[in-house]
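Asker: My structure is in final.cif, and what it holds is mmCIF, N, CA and C atoms:
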```
data_my_file
#
loop_
_atom_site.group_PDB
_atom_site.id
_atom_site.type_symbol
_atom_site.label_atom_id
_atom_site.label_comp_id
_atom_site.auth_asym_id
_atom_site.auth_seq_id
_atom_site.Cartn_x
_atom_site.Cartn_y
_atom_site.Cartn_z
ATOM 1 N N MET A 8 0.851 -1.174 0.000
ATOM 2 C CA MET A 8 0.000 0.000 0.000
ATOM 3 C C MET A 8 0.894 1.233 0.000
ATOM 4 N N THR A 9 0.526 2.184 -0.804
ATOM 5 C CA THR A 9 1.264 3.441 -0.889
ATOM 6 C C THR A 9 0.495 4.543 -0.154
ATOM 7 N N LYS A 10 1.166 5.687 0.023
ATOM 8 C CA LYS A 10 0.484 6.844 0.622
ATOM 9 C C LYS A 10 -0.737 7.222 -0.202
ATOM 10 N N LYS A 11 -0.584 7.196 -1.523
ATOM 11 C CA LYS A 11 -1.700 7.565 -2.405
ATOM 12 C C LYS A 11 -2.881 6.626 -2.193
ATOM 13 N N GLU A 12 -2.621 5.337 -2.098
ATOM 14 C CA GLU A 12 -3.695 4.369 -1.861
ATOM 15 C C GLU A 12 -4.343 4.603 -0.498
ATOM 16 N N LEU A 13 -3.525 4.926 0.500
ATOM 17 C CA LEU A 13 -4.053 5.227 1.832
ATOM 18 C C LEU A 13 -4.981 6.436 1.779
ATOM 19 N N PHE A 14 -4.535 7.510 1.135
ATOM 20 C CA PHE A 14 -5.368 8.710 1.051
ATOM 21 C C PHE A 14 -6.624 8.467 0.221
ATOM 22 N N ASN A 15 -6.527 7.627 -0.800
ATOM 23 C CA ASN A 15 -7.726 7.276 -1.570
ATOM 24 C C ASN A 15 -8.735 6.546 -0.691
ATOM 25 N N LEU A 16 -8.265 5.624 0.149
ATOM 26 C CA LEU A 16 -9.164 4.926 1.078
ATOM 27 C C LEU A 16 -9.785 5.900 2.071
ATOM 28 N N MET A 17 -8.976 6.838 2.575
ATOM 29 C CA MET A 17 -9.499 7.825 3.518
ATOM 30 C C MET A 17 -10.586 8.668 2.855
ATOM 31 N N THR A 18 -10.402 9.014 1.592
ATOM 32 C CA THR A 18 -11.413 9.770 0.852
ATOM 33 C C THR A 18 -12.654 8.921 0.625
ATOM 34 N N THR A 19 -12.456 7.672 0.230
ATOM 35 C CA THR A 19 -13.577 6.761 -0.017
ATOM 36 C C THR A 19 -14.449 6.609 1.222
ATOM 37 N N TYR A 20 -13.811 6.491 2.387
ATOM 38 C CA TYR A 20 -14.555 6.284 3.630
ATOM 39 C C TYR A 20 -14.828 7.589 4.376
ATOM 40 N N ASN A 21 -14.606 8.722 3.695
ATOM 41 C CA ASN A 21 -14.938 10.031 4.251
ATOM 42 C C ASN A 21 -14.297 10.275 5.614
ATOM 43 N N SER A 22 -13.022 9.958 5.729
ATOM 44 C CA SER A 22 -12.334 10.091 7.008
ATOM 45 C C SER A 22 -11.143 11.029 6.873
ATOM 46 N N ARG A 23 -10.935 11.845 7.897
ATOM 47 C CA ARG A 23 -9.799 12.757 7.921
ATOM 48 C C ARG A 23 -8.629 12.188 8.705
ATOM 49 N N SER A 24 -8.823 11.017 9.321
ATOM 50 C CA SER A 24 -7.729 10.419 10.085
ATOM 51 C C SER A 24 -7.737 8.900 9.940
ATOM 52 N N ALA A 25 -6.570 8.334 10.204
ATOM 53 C CA ALA A 25 -6.404 6.885 10.163
ATOM 54 C C ALA A 25 -5.311 6.515 11.151
ATOM 55 N N SER A 26 -5.307 5.273 11.574
ATOM 56 C CA SER A 26 -4.224 4.801 12.435
ATOM 57 C C SER A 26 -3.778 3.430 11.959
ATOM 58 N N LEU A 27 -2.503 3.188 12.141
ATOM 59 C CA LEU A 27 -1.913 1.909 11.776
ATOM 60 C C LEU A 27 -1.087 1.453 12.958
ATOM 61 N N LYS A 28 -1.461 0.318 13.542
ATOM 62 C CA LYS A 28 -0.671 -0.199 14.652
ATOM 63 C C LYS A 28 -0.704 -1.710 14.701
ATOM 64 N N PHE A 29 0.283 -2.246 15.401
ATOM 65 C CA PHE A 29 0.413 -3.687 15.555
ATOM 66 C C PHE A 29 -0.387 -4.115 16.775
ATOM 67 N N TYR A 30 -1.202 -5.131 16.608
ATOM 68 C CA TYR A 30 -1.986 -5.675 17.715
ATOM 69 C C TYR A 30 -1.435 -7.047 18.070
ATOM 70 N N ASP A 31 -0.942 -7.176 19.308
ATOM 71 C CA ASP A 31 -0.345 -8.439 19.751
ATOM 72 C C ASP A 31 -1.336 -9.591 19.703
ATOM 73 N N MET A 32 -2.564 -9.365 20.125
ATOM 74 C CA MET A 32 -3.553 -10.447 20.162
ATOM 75 C C MET A 32 -3.859 -10.969 18.755
ATOM 76 N N ALA A 33 -3.833 -10.098 17.783
ATOM 77 C CA ALA A 33 -4.097 -10.508 16.401
ATOM 78 C C ALA A 33 -2.808 -10.897 15.679
ATOM 79 N N ASP A 34 -1.670 -10.511 16.251
ATOM 80 C CA ASP A 34 -0.350 -10.771 15.679
ATOM 81 C C ASP A 34 -0.241 -10.215 14.258
ATOM 82 N N ARG A 35 -0.766 -8.997 14.097
ATOM 83 C CA ARG A 35 -0.705 -8.349 12.789
ATOM 84 C C ARG A 35 -0.941 -6.847 12.934
ATOM 85 N N TYR A 36 -0.611 -6.133 11.886
ATOM 86 C CA TYR A 36 -0.908 -4.706 11.814
ATOM 87 C C TYR A 36 -2.344 -4.529 11.346
ATOM 88 N N ILE A 37 -3.013 -3.554 11.939
ATOM 89 C CA ILE A 37 -4.379 -3.236 11.532
ATOM 90 C C ILE A 37 -4.449 -1.740 11.223
ATOM 91 N N LEU A 38 -4.933 -1.439 10.036
ATOM 92 C CA LEU A 38 -5.158 -0.072 9.598
ATOM 93 C C LEU A 38 -6.616 0.256 9.878
ATOM 94 N N THR A 39 -6.846 1.323 10.635
ATOM 95 C CA THR A 39 -8.202 1.738 10.980
ATOM 96 C C THR A 39 -8.489 3.079 10.314
ATOM 97 N N ILE A 40 -9.553 3.093 9.526
ATOM 98 C CA ILE A 40 -10.021 4.322 8.878
ATOM 99 C C ILE A 40 -11.496 4.437 9.223
ATOM 100 N N GLY A 41 -11.819 5.371 10.106
ATOM 101 C CA GLY A 41 -13.205 5.484 10.567
ATOM 102 C C GLY A 41 -13.629 4.193 11.236
ATOM 103 N N ASP A 42 -14.739 3.620 10.790
ATOM 104 C CA ASP A 42 -15.239 2.356 11.339
ATOM 105 C C ASP A 42 -14.717 1.142 10.581
ATOM 106 N N HIS A 43 -13.812 1.351 9.648
ATOM 107 C CA HIS A 43 -13.320 0.268 8.794
ATOM 108 C C HIS A 43 -11.930 -0.171 9.245
ATOM 109 N N HIS A 44 -11.698 -1.475 9.213
ATOM 110 C CA HIS A 44 -10.431 -2.053 9.652
ATOM 111 C C HIS A 44 -9.877 -2.944 8.551
ATOM 112 N N PHE A 45 -8.574 -2.820 8.318
ATOM 113 C CA PHE A 45 -7.907 -3.598 7.275
ATOM 114 C C PHE A 45 -6.679 -4.268 7.872
ATOM 115 N N ASP A 46 -6.556 -5.573 7.684
ATOM 116 C CA ASP A 46 -5.368 -6.307 8.115
ATOM 117 C C ASP A 46 -4.270 -6.091 7.082
ATOM 118 N N LEU A 47 -3.082 -5.734 7.563
ATOM 119 C CA LEU A 47 -1.936 -5.580 6.673
ATOM 120 C C LEU A 47 -0.834 -6.524 7.131
ATOM 121 N N ASN A 48 -0.142 -7.138 6.193
ATOM 122 C CA ASN A 48 0.979 -7.978 6.603
ATOM 123 C C ASN A 48 2.129 -7.081 7.056
ATOM 124 N N ASP A 49 3.074 -7.654 7.767
ATOM 125 C CA ASP A 49 4.178 -6.877 8.340
ATOM 126 C C ASP A 49 4.932 -6.079 7.279
ATOM 127 N N HIS A 50 5.242 -6.717 6.177
ATOM 128 C CA HIS A 50 6.021 -6.069 5.120
ATOM 129 C C HIS A 50 5.297 -4.836 4.572
ATOM 130 N N THR A 51 4.034 -4.969 4.275
ATOM 131 C CA THR A 51 3.243 -3.859 3.731
ATOM 132 C C THR A 51 3.136 -2.723 4.741
ATOM 133 N N ALA A 52 2.841 -3.063 5.993
ATOM 134 C CA ALA A 52 2.684 -2.047 7.036
ATOM 135 C C ALA A 52 3.993 -1.313 7.300
ATOM 136 N N GLU A 53 5.089 -2.053 7.405
ATOM 137 C CA GLU A 53 6.378 -1.422 7.680
ATOM 138 C C GLU A 53 6.815 -0.529 6.524
ATOM 139 N N ASN A 54 6.552 -0.945 5.292
ATOM 140 C CA ASN A 54 6.874 -0.094 4.135
ATOM 141 C C ASN A 54 6.030 1.175 4.132
ATOM 142 N N LEU A 55 4.770 1.064 4.499
ATOM 143 C CA LEU A 55 3.906 2.242 4.566
ATOM 144 C C LEU A 55 4.397 3.199 5.649
ATOM 145 N N ILE A 56 4.789 2.683 6.787
ATOM 146 C CA ILE A 56 5.304 3.535 7.865
ATOM 147 C C ILE A 56 6.575 4.250 7.421
ATOM 148 N N VAL A 57 7.473 3.552 6.745
ATOM 149 C CA VAL A 57 8.691 4.182 6.222
ATOM 150 C C VAL A 57 8.321 5.281 5.231
ATOM 151 N N ASP A 58 7.346 5.024 4.390
ATOM 152 C CA ASP A 58 6.890 5.998 3.398
ATOM 153 C C ASP A 58 6.282 7.235 4.064
ATOM 154 N N LEU A 59 5.652 7.054 5.215
ATOM 155 C CA LEU A 59 4.972 8.153 5.905
ATOM 156 C C LEU A 59 5.879 8.945 6.845
ATOM 157 N N LYS A 60 7.015 8.387 7.245
ATOM 158 C CA LYS A 60 7.779 8.961 8.356
ATOM 159 C C LYS A 60 8.275 10.383 8.152
ATOM 160 N N ASP A 61 8.485 10.823 6.934
ATOM 161 C CA ASP A 61 8.993 12.171 6.693
ATOM 162 C C ASP A 61 7.901 13.174 6.337
ATOM 163 N N ASN A 62 6.664 12.813 6.552
ATOM 164 C CA ASN A 62 5.550 13.685 6.194
ATOM 165 C C ASN A 62 4.934 14.323 7.432
ATOM 166 N N THR A 63 4.520 15.570 7.288
ATOM 167 C CA THR A 63 3.968 16.304 8.423
ATOM 168 C C THR A 63 2.594 15.807 8.836
ATOM 169 N N PHE A 64 1.890 15.115 7.960
ATOM 170 C CA PHE A 64 0.546 14.642 8.276
ATOM 171 C C PHE A 64 0.546 13.315 9.022
ATOM 172 N N ALA A 65 1.723 12.747 9.290
ATOM 173 C CA ALA A 65 1.804 11.461 9.993
ATOM 174 C C ALA A 65 2.680 11.585 11.229
ATOM 175 N N THR A 66 2.225 10.991 12.314
ATOM 176 C CA THR A 66 2.996 10.914 13.546
ATOM 177 C C THR A 66 3.354 9.454 13.767
ATOM 178 N N ILE A 67 4.651 9.168 13.807
ATOM 179 C CA ILE A 67 5.133 7.800 13.972
ATOM 180 C C ILE A 67 5.626 7.636 15.406
ATOM 181 N N THR A 68 5.170 6.603 16.077
ATOM 182 C CA THR A 68 5.585 6.310 17.448
ATOM 183 C C THR A 68 5.874 4.819 17.582
ATOM 184 N N ASP A 69 6.444 4.457 18.728
ATOM 185 C CA ASP A 69 6.624 3.042 19.053
ATOM 186 C C ASP A 69 5.470 2.606 19.932
ATOM 187 N N HIS A 70 4.898 1.462 19.606
ATOM 188 C CA HIS A 70 3.767 0.922 20.359
ATOM 189 C C HIS A 70 4.019 -0.567 20.553
ATOM 190 N N ASN A 71 4.263 -0.982 21.776
ATOM 191 C CA ASN A 71 4.524 -2.394 22.095
ATOM 192 C C ASN A 71 5.659 -2.986 21.265
ATOM 193 N N GLY A 72 6.726 -2.226 21.084
ATOM 194 C CA GLY A 72 7.882 -2.727 20.350
ATOM 195 C C GLY A 72 7.750 -2.691 18.843
ATOM 196 N N HIS A 73 6.677 -2.126 18.338
ATOM 197 C CA HIS A 73 6.454 -1.996 16.898
ATOM 198 C C HIS A 73 6.145 -0.536 16.595
ATOM 199 N N LYS A 74 6.449 -0.116 15.386
ATOM 200 C CA LYS A 74 6.103 1.240 14.962
ATOM 201 C C LYS A 74 4.600 1.339 14.738
ATOM 202 N N SER A 75 4.054 2.505 15.021
ATOM 203 C CA SER A 75 2.650 2.770 14.724
ATOM 204 C C SER A 75 2.561 4.167 14.115
ATOM 205 N N ALA A 76 1.460 4.438 13.447
ATOM 206 C CA ALA A 76 1.298 5.722 12.771
ATOM 207 C C ALA A 76 -0.108 6.254 12.977
ATOM 208 N N LYS A 77 -0.185 7.555 13.181
ATOM 209 C CA LYS A 77 -1.450 8.286 13.222
ATOM 210 C C LYS A 77 -1.397 9.252 12.051
ATOM 211 N N ILE A 78 -2.361 9.151 11.161
ATOM 212 C CA ILE A 78 -2.353 9.930 9.936
ATOM 213 C C ILE A 78 -3.566 10.856 9.926
ATOM 214 N N THR A 79 -3.335 12.139 9.625
ATOM 215 C CA THR A 79 -4.427 13.105 9.500
ATOM 216 C C THR A 79 -4.261 13.849 8.181
ATOM 217 N N LYS A 80 -5.371 14.280 7.633
ATOM 218 C CA LYS A 80 -5.275 15.084 6.405
ATOM 219 C C LYS A 80 -6.279 16.194 6.421
#
```
Could you render the structure from this file as structure tokens?
Answerer:
Amino acid sequence: MTKKELFNLMTTYNSRSASLKFYDMADRYILTIGDHHFDLNDHTAENLIVDLKDNTFATITDHNGHKSAKITK
């Protein structure tokens, strides 16, 4: 998933914010946009976080030993 695809999903679901974090119980990254949830594999999620890290609209933090992102537009 690219930033463009992420923003397209945010537009589709009429949301100004999204979050991406690793959930230990699910053992996977989950992208949340409004009331919608998408499972992402580690590789896809980590690449998206790297892609977002230098942008002002994303806040990257560590959450339970994994990177997480809060995205606003």
Asker: State, in Å with one decimal place, the distance from atom N of A:Lys11 to atom CA of A:Met32.
Answerer: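 Here the two named atoms are 28.1 Å from each other.
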Asker: If you apply the PyMOL selection byres ((chain A and resi 23) around 6.5) to this file, what residues do you get, as a VMD selection string?
Answerer: chain A and resid 17 21 to 22 24 to 25 78 to 80
Asker: Which is closer to A:Met8 than all the others in A:Tyr36, A:Leu59, A:Ile67, A:Thr51, using only N, CA and C atoms?
Answerer: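 Comparing A:Tyr36, A:Leu59, A:Ile67, A:Thr51 against A:Met8, the winner is A:Thr51.
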Asker: Excluding A:Ala33 and any residue of its chain fewer than 6 positions from it, enumerate the residues within 12 Å of it, using only C-alpha atoms, and give them as a ChimeraX atom specification.
Answerer: /A:46-48
Asker: Would you give me, as a list in words, the residues in stretch 9-68 of chain A that DSSP reads as strand (DSSP E or B)?
Answerer: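 Reading the DSSP output for stretch 9-68 of chain A, strand (DSSP E or B) covers Ser24, Ala25, Ser26, Leu27, Lys28, Phe29, Tyr30, Arg35, Tyr36, Ile37, Leu38, Thr39, Ile40, His43, His44, Phe45, Asp46, Leu47, Ala65, Thr66, Ile67 and Thr68 of chain A.
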Asker: Keeping only N, CA and C atoms, write the selected residues to a file as a compact mmCIF listing (two decimals), keeping the file's coordinate frame.
Answerer:
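The resulting selection-v8.txt:
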```
# COMPACT_ATOMS: atom_id res chain seq x y z
N SER A 24 -8.82 11.02 9.32
CA SER A 24 -7.73 10.42 10.09
C SER A 24 -7.74 8.90 9.94
N ALA A 25 -6.57 8.33 10.20
CA ALA A 25 -6.40 6.88 10.16
C ALA A 25 -5.31 6.52 11.15
N SER A 26 -5.31 5.27 11.57
CA SER A 26 -4.22 4.80 12.44
C SER A 26 -3.78 3.43 11.96
N LEU A 27 -2.50 3.19 12.14
CA LEU A 27 -1.91 1.91 11.78
C LEU A 27 -1.09 1.45 12.96
N LYS A 28 -1.46 0.32 13.54
CA LYS A 28 -0.67 -0.20 14.65
C LYS A 28 -0.70 -1.71 14.70
N PHE A 29 0.28 -2.25 15.40
CA PHE A 29 0.41 -3.69 15.56
C PHE A 29 -0.39 -4.12 16.77
N TYR A 30 -1.20 -5.13 16.61
CA TYR A 30 -1.99 -5.68 17.72
C TYR A 30 -1.44 -7.05 18.07
N ARG A 35 -0.77 -9.00 14.10
CA ARG A 35 -0.70 -8.35 12.79
C ARG A 35 -0.94 -6.85 12.93
N TYR A 36 -0.61 -6.13 11.89
CA TYR A 36 -0.91 -4.71 11.81
C TYR A 36 -2.34 -4.53 11.35
N ILE A 37 -3.01 -3.55 11.94
CA ILE A 37 -4.38 -3.24 11.53
C ILE A 37 -4.45 -1.74 11.22
N LEU A 38 -4.93 -1.44 10.04
CA LEU A 38 -5.16 -0.07 9.60
C LEU A 38 -6.62 0.26 9.88
N THR A 39 -6.85 1.32 10.64
CA THR A 39 -8.20 1.74 10.98
C THR A 39 -8.49 3.08 10.31
N ILE A 40 -9.55 3.09 9.53
CA ILE A 40 -10.02 4.32 8.88
C ILE A 40 -11.50 4.44 9.22
N HIS A 43 -13.81 1.35 9.65
CA HIS A 43 -13.32 0.27 8.79
C HIS A 43 -11.93 -0.17 9.24
N HIS A 44 -11.70 -1.48 9.21
CA HIS A 44 -10.43 -2.05 9.65
C HIS A 44 -9.88 -2.94 8.55
N PHE A 45 -8.57 -2.82 8.32
CA PHE A 45 -7.91 -3.60 7.28
C PHE A 45 -6.68 -4.27 7.87
N ASP A 46 -6.56 -5.57 7.68
CA ASP A 46 -5.37 -6.31 8.12
C ASP A 46 -4.27 -6.09 7.08
N LEU A 47 -3.08 -5.73 7.56
CA LEU A 47 -1.94 -5.58 6.67
C LEU A 47 -0.83 -6.52 7.13
N ALA A 65 1.72 12.75 9.29
CA ALA A 65 1.80 11.46 9.99
C ALA A 65 2.68 11.58 11.23
N THR A 66 2.22 10.99 12.31
CA THR A 66 3.00 10.91 13.55
C THR A 66 3.35 9.45 13.77
N ILE A 67 4.65 9.17 13.81
CA ILE A 67 5.13 7.80 13.97
C ILE A 67 5.63 7.64 15.41
N THR A 68 5.17 6.60 16.08
CA THR A 68 5.58 6.31 17.45
C THR A 68 5.87 4.82 17.58
```
